[in-house]
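Trainee: Supplied in structure tokens, the structure appears directly below.
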Amino acid sequence: MELQFHDVAKRYGAKEALRGIDLTLTPGVYGLLGPNGAGKSTLMNILTGNLRPTRGHVTLDGQDTVSMGEAFRRRLGYCPQQQALYPGFTGEQFLYYMASLQGMSREDAKGRMDWALARLDLTEAAGRPIRGWSGGMKQRLLLAQALLHDPDILVLDEPTAGLDPRQRVAVRNLIGEIAGEKIVLLCTHVVQDVEFIARELILMNQGLIIRRGSPHALEQELEGRVWELTAAETQLPGMAQYGTVCGVSRQQEGILVRLLSAAKPPLPCAPARPDLEDVYLFHFGEGAAL
């Protein structure tokens with residue numbers, strides 16, 4: 001299975017949201033990272049058919065996805081971040097409704113629904129109206145409907161938004177578990193969500209893919225650029241002059257500071273192992289350039 005974006009561009013008046021995306025995806029999890037306004041949502045909306053590109057097209061195994069029409073939509077699962085749900089429906093009614101839109105029989109829908117509700121810890125709430133659900137429960141319901149018809153391609157927009165740490169880990173593990181034969185495009189600002197399950201990270205900014213690679217490879221590129229030192233609290237305001245402050249944590253002996261700098265800061269410090277938050281700040285933090 002091969003999903004391809006061919007020179008995909010999108011313009012809104014004078015603004016170019018996408019500036020010519022060429023991208024090939026095969027089964028596995030891909031983390032889509034970038035700041036707000038990078039073009040991530042536009043890319044996902046073109047893939048799901050909610051937007052038409054100004055230029056270019058998307059193909060699945062060589063077939064144009066727009067020409068495939070319903071045949072493509074049946075192979076696609078989409079979990080949006082926006083919680084536009086029917087408040088008077090119960091969780092079960094909502095999932096049966098979404099299953100009917102996919103052409104599933106009630107019997108098939110029942111089996112998949114029970115599985116999804118159980119895996120997302122929603123079984124007990126499923127018979128209650130959605131209007132009384134918490135934001136985290138609604139977000140998990142959106143993920144449940146995306147998984148309902150066992151799609152080949154999953155597009156997940158901030159699927160862990162509003163979840164507590166326990167739920168976030170459970171959702172992350174579920175995505176990693178089911179992704180073996182699927183193409184999963186996961187857009188998130190929480191780098192821990194993709195650190196262990198993504199085969200590749202796609203970094204976007206200003207409508208372009210600026211870098212892509214495995215989490216390990218992207219971290220390795222920052223070897224020799226991340227430093228740690230212990231400082232007094234009074235020293236913290238001046239740390240920015242030595243580089244990008246990637247992290248601050250309170251230790252028994254003082255404040256542990258992580259700095260991102262191409263050269264060793266003129267302070268008592270030691271090299272540190274880069275992580276994905278360092279990668280994000282390197283490419284998208286203040287002063288980062290394309």
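Chain labels A, B, ... are given in the sequence in which chains occur in the structure tokens; within each chain residues are numbered consecutively from 1, and ligands are likewise numbered from 1 in the order shown.
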I'd like the contact shell of Pro35 (chain A) - 12 Å cut-off, only C-alpha atoms, skipping same-chain residues fewer than 4 positions apart - returned as a tab-separated table (two decimals) with C-alpha atoms, in the first residue's frame.
Mentor:
```tsv
chain	number	residue	atom	x	y	z
A	39	GLY	CA	0.06	23.77	6.83
A	40	LYS	CA	-0.55	20.50	8.72
A	41	SER	CA	-4.35	20.86	8.90
A	187	CYS	CA	-0.62	15.30	13.87
A	188	THR	CA	0.32	16.45	17.36
A	189	HIS	CA	2.12	19.09	19.41
A	190	VAL	CA	2.94	16.52	22.10
A	203	LEU	CA	8.44	18.34	10.11
A	204	MET	CA	6.42	21.10	8.41
A	205	ASN	CA	6.77	24.86	8.44
A	206	GLN	CA	5.39	27.61	6.21
A	207	GLY	CA	3.70	25.13	3.87
A	208	LEU	CA	6.81	23.01	3.26
A	280	TYR	CA	11.18	20.55	17.94
A	281	LEU	CA	12.78	23.65	19.46
A	283	HIS	CA	13.51	23.49	14.01
A	284	PHE	CA	10.59	25.59	15.26
A	285	GLY	CA	11.82	27.60	18.24
A	286	GLU	CA	12.64	31.28	18.27
A	288	ALA	CA	14.80	28.74	13.77
```
Trainee: Could I get the residues of region 162-280 of chain A with an atom no further than 12 Å from an atom of region 77-94 of chain A, each paired with its nearest atom pair and that distance in Å to one decimal, using only C-alpha atoms, sorted by chain and residue number, as JSON lines?
Mentor:
```
{"residue": "A:Gly162", "atom": "CA", "partner": "A:Gln81", "partner_atom": "CA", "distance": 9.9}
{"residue": "A:Lys182", "atom": "CA", "partner": "A:Gly77", "partner_atom": "CA", "distance": 10.5}
{"residue": "A:Ile183", "atom": "CA", "partner": "A:Gly77", "partner_atom": "CA", "distance": 10.3}
{"residue": "A:Val184", "atom": "CA", "partner": "A:Gly77", "partner_atom": "CA", "distance": 9.4}
{"residue": "A:Leu185", "atom": "CA", "partner": "A:Tyr78", "partner_atom": "CA", "distance": 9.7}
{"residue": "A:Leu186", "atom": "CA", "partner": "A:Cys79", "partner_atom": "CA", "distance": 9.6}
{"residue": "A:Cys187", "atom": "CA", "partner": "A:Gln81", "partner_atom": "CA", "distance": 9.8}
{"residue": "A:Thr188", "atom": "CA", "partner": "A:Gln81", "partner_atom": "CA", "distance": 10.0}
```
Trainee: For the selection just defined, write its residues with N, CA, C and O atoms to a file, as an mmCIF file, in the first residue's frame.
Mentor:
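Okay, again34.cif is ready:
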```cif
data_model
loop_
_atom_site.group_PDB
_atom_site.id
_atom_site.type_symbol
_atom_site.label_atom_id
_atom_site.label_comp_id
_atom_site.auth_asym_id
_atom_site.auth_seq_id
_atom_site.Cartn_x
_atom_site.Cartn_y
_atom_site.Cartn_z
ATOM 1 N N GLY A 162 -6.737 16.877 25.462
ATOM 2 C CA GLY A 162 -7.691 16.830 26.567
ATOM 3 C C GLY A 162 -7.665 15.561 27.388
ATOM 4 O O GLY A 162 -8.471 15.421 28.314
ATOM 5 N N LYS A 182 -1.358 -0.544 8.585
ATOM 6 C CA LYS A 182 -2.069 0.687 8.235
ATOM 7 C C LYS A 182 -1.081 1.834 8.021
ATOM 8 O O LYS A 182 0.024 1.820 8.557
ATOM 9 N N ILE A 183 -1.518 2.818 7.256
ATOM 10 C CA ILE A 183 -0.800 4.086 7.181
ATOM 11 C C ILE A 183 -1.466 5.020 8.184
ATOM 12 O O ILE A 183 -2.660 5.296 8.080
ATOM 13 N N VAL A 184 -0.709 5.465 9.172
ATOM 14 C CA VAL A 184 -1.241 6.341 10.221
ATOM 15 C C VAL A 184 -0.503 7.673 10.164
ATOM 16 O O VAL A 184 0.718 7.725 10.342
ATOM 17 N N LEU A 185 -1.240 8.745 9.908
ATOM 18 C CA LEU A 185 -0.686 10.090 9.920
ATOM 19 C C LEU A 185 -1.213 10.781 11.165
ATOM 20 O O LEU A 185 -2.408 11.051 11.279
ATOM 21 N N LEU A 186 -0.314 11.045 12.115
ATOM 22 C CA LEU A 186 -0.691 11.538 13.430
ATOM 23 C C LEU A 186 -0.128 12.936 13.626
ATOM 24 O O LEU A 186 1.087 13.120 13.719
ATOM 25 N N CYS A 187 -1.020 13.907 13.664
ATOM 26 C CA CYS A 187 -0.619 15.301 13.865
ATOM 27 C C CYS A 187 -0.724 15.627 15.351
ATOM 28 O O CYS A 187 -1.768 15.411 15.968
ATOM 29 N N THR A 188 0.339 16.160 15.931
ATOM 30 C CA THR A 188 0.324 16.451 17.360
ATOM 31 C C THR A 188 1.345 17.527 17.700
ATOM 32 O O THR A 188 2.303 17.750 16.960
#
```
Trainee: Can you tell me which residues surround Ile178 (chain A) at a distance of at most 12 Å, considering only C-alpha atoms, apart from same-chain residues fewer than 6 positions away, and format the answer as a count of residues only?
Mentor: 15
Trainee: Smallest atom-to-atom distance to Gly37 (chain A): which of A:Glu107, A:Glu16, A:Glu253, A:Glu195, using only C-alpha atoms?
Mentor: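 Among the listed residues, A:Glu16 lies closest to Gly37 (chain A).
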Trainee: I'd like to know which of A:Gly49, A:Val257, A:Gln252, A:Val194 is closest to Gly238 (chain A), using only C-alpha atoms.
Mentor: A:Val257
Trainee: For Arg106 (chain A), please output as a list of chain:residue names all residues within 9 Å (counting only C-alpha atoms; exclusion window: fewer than 6 positions along the same chain).
Mentor: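 These residues fall inside the cut-off: A:Tyr96, A:Ala99, A:Ser100.
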Trainee: Would you please extract all alpha helix (DSSP H) residues from region 34-127 of chain A, as assigned by DSSP on the backbone, and give them as a VMD selection string?
Mentor: chain A and resid 40 to 47 65 to 68 70 to 73 91 to 101 106 to 119
Trainee: Could you pull the residues within 12 Å of Tyr242 (chain A), counting only C-alpha atoms, minus those fewer than 4 positions along the same chain, as a PyMOL selection string?
Mentor: chain A and resi 225-229+235-238+246+257-267+269
Trainee: Which residues are close to Asp7 (chain A), i.e. within 6 Å by only C-alpha atoms, leaving aside same-chain residues fewer than 3 positions away? Reply as a list in words.
Mentor: Gly20, Ile21, Asp22 and Gly56 of chain A
Trainee: Please compute the CA of Asp114 (chain A)-CA of Gln145 (chain A) distance, one decimal, in Å.
Mentor: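 Those two atoms sit 11.5 Å apart.
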Trainee: Rounded to one decimal, what separation in Å do you get between CA of Leu148 (chain A) and CA of Leu32 (chain A)?
Mentor: 22.9 Å
Trainee: What does the distance between CA of Leu33 (chain A) and CA of Val245 (chain A) come to in Å, to one decimal place?
Mentor: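 Straight-line distance from CA of Leu33 (chain A) to CA of Val245 (chain A) works out to 19.8 Å.
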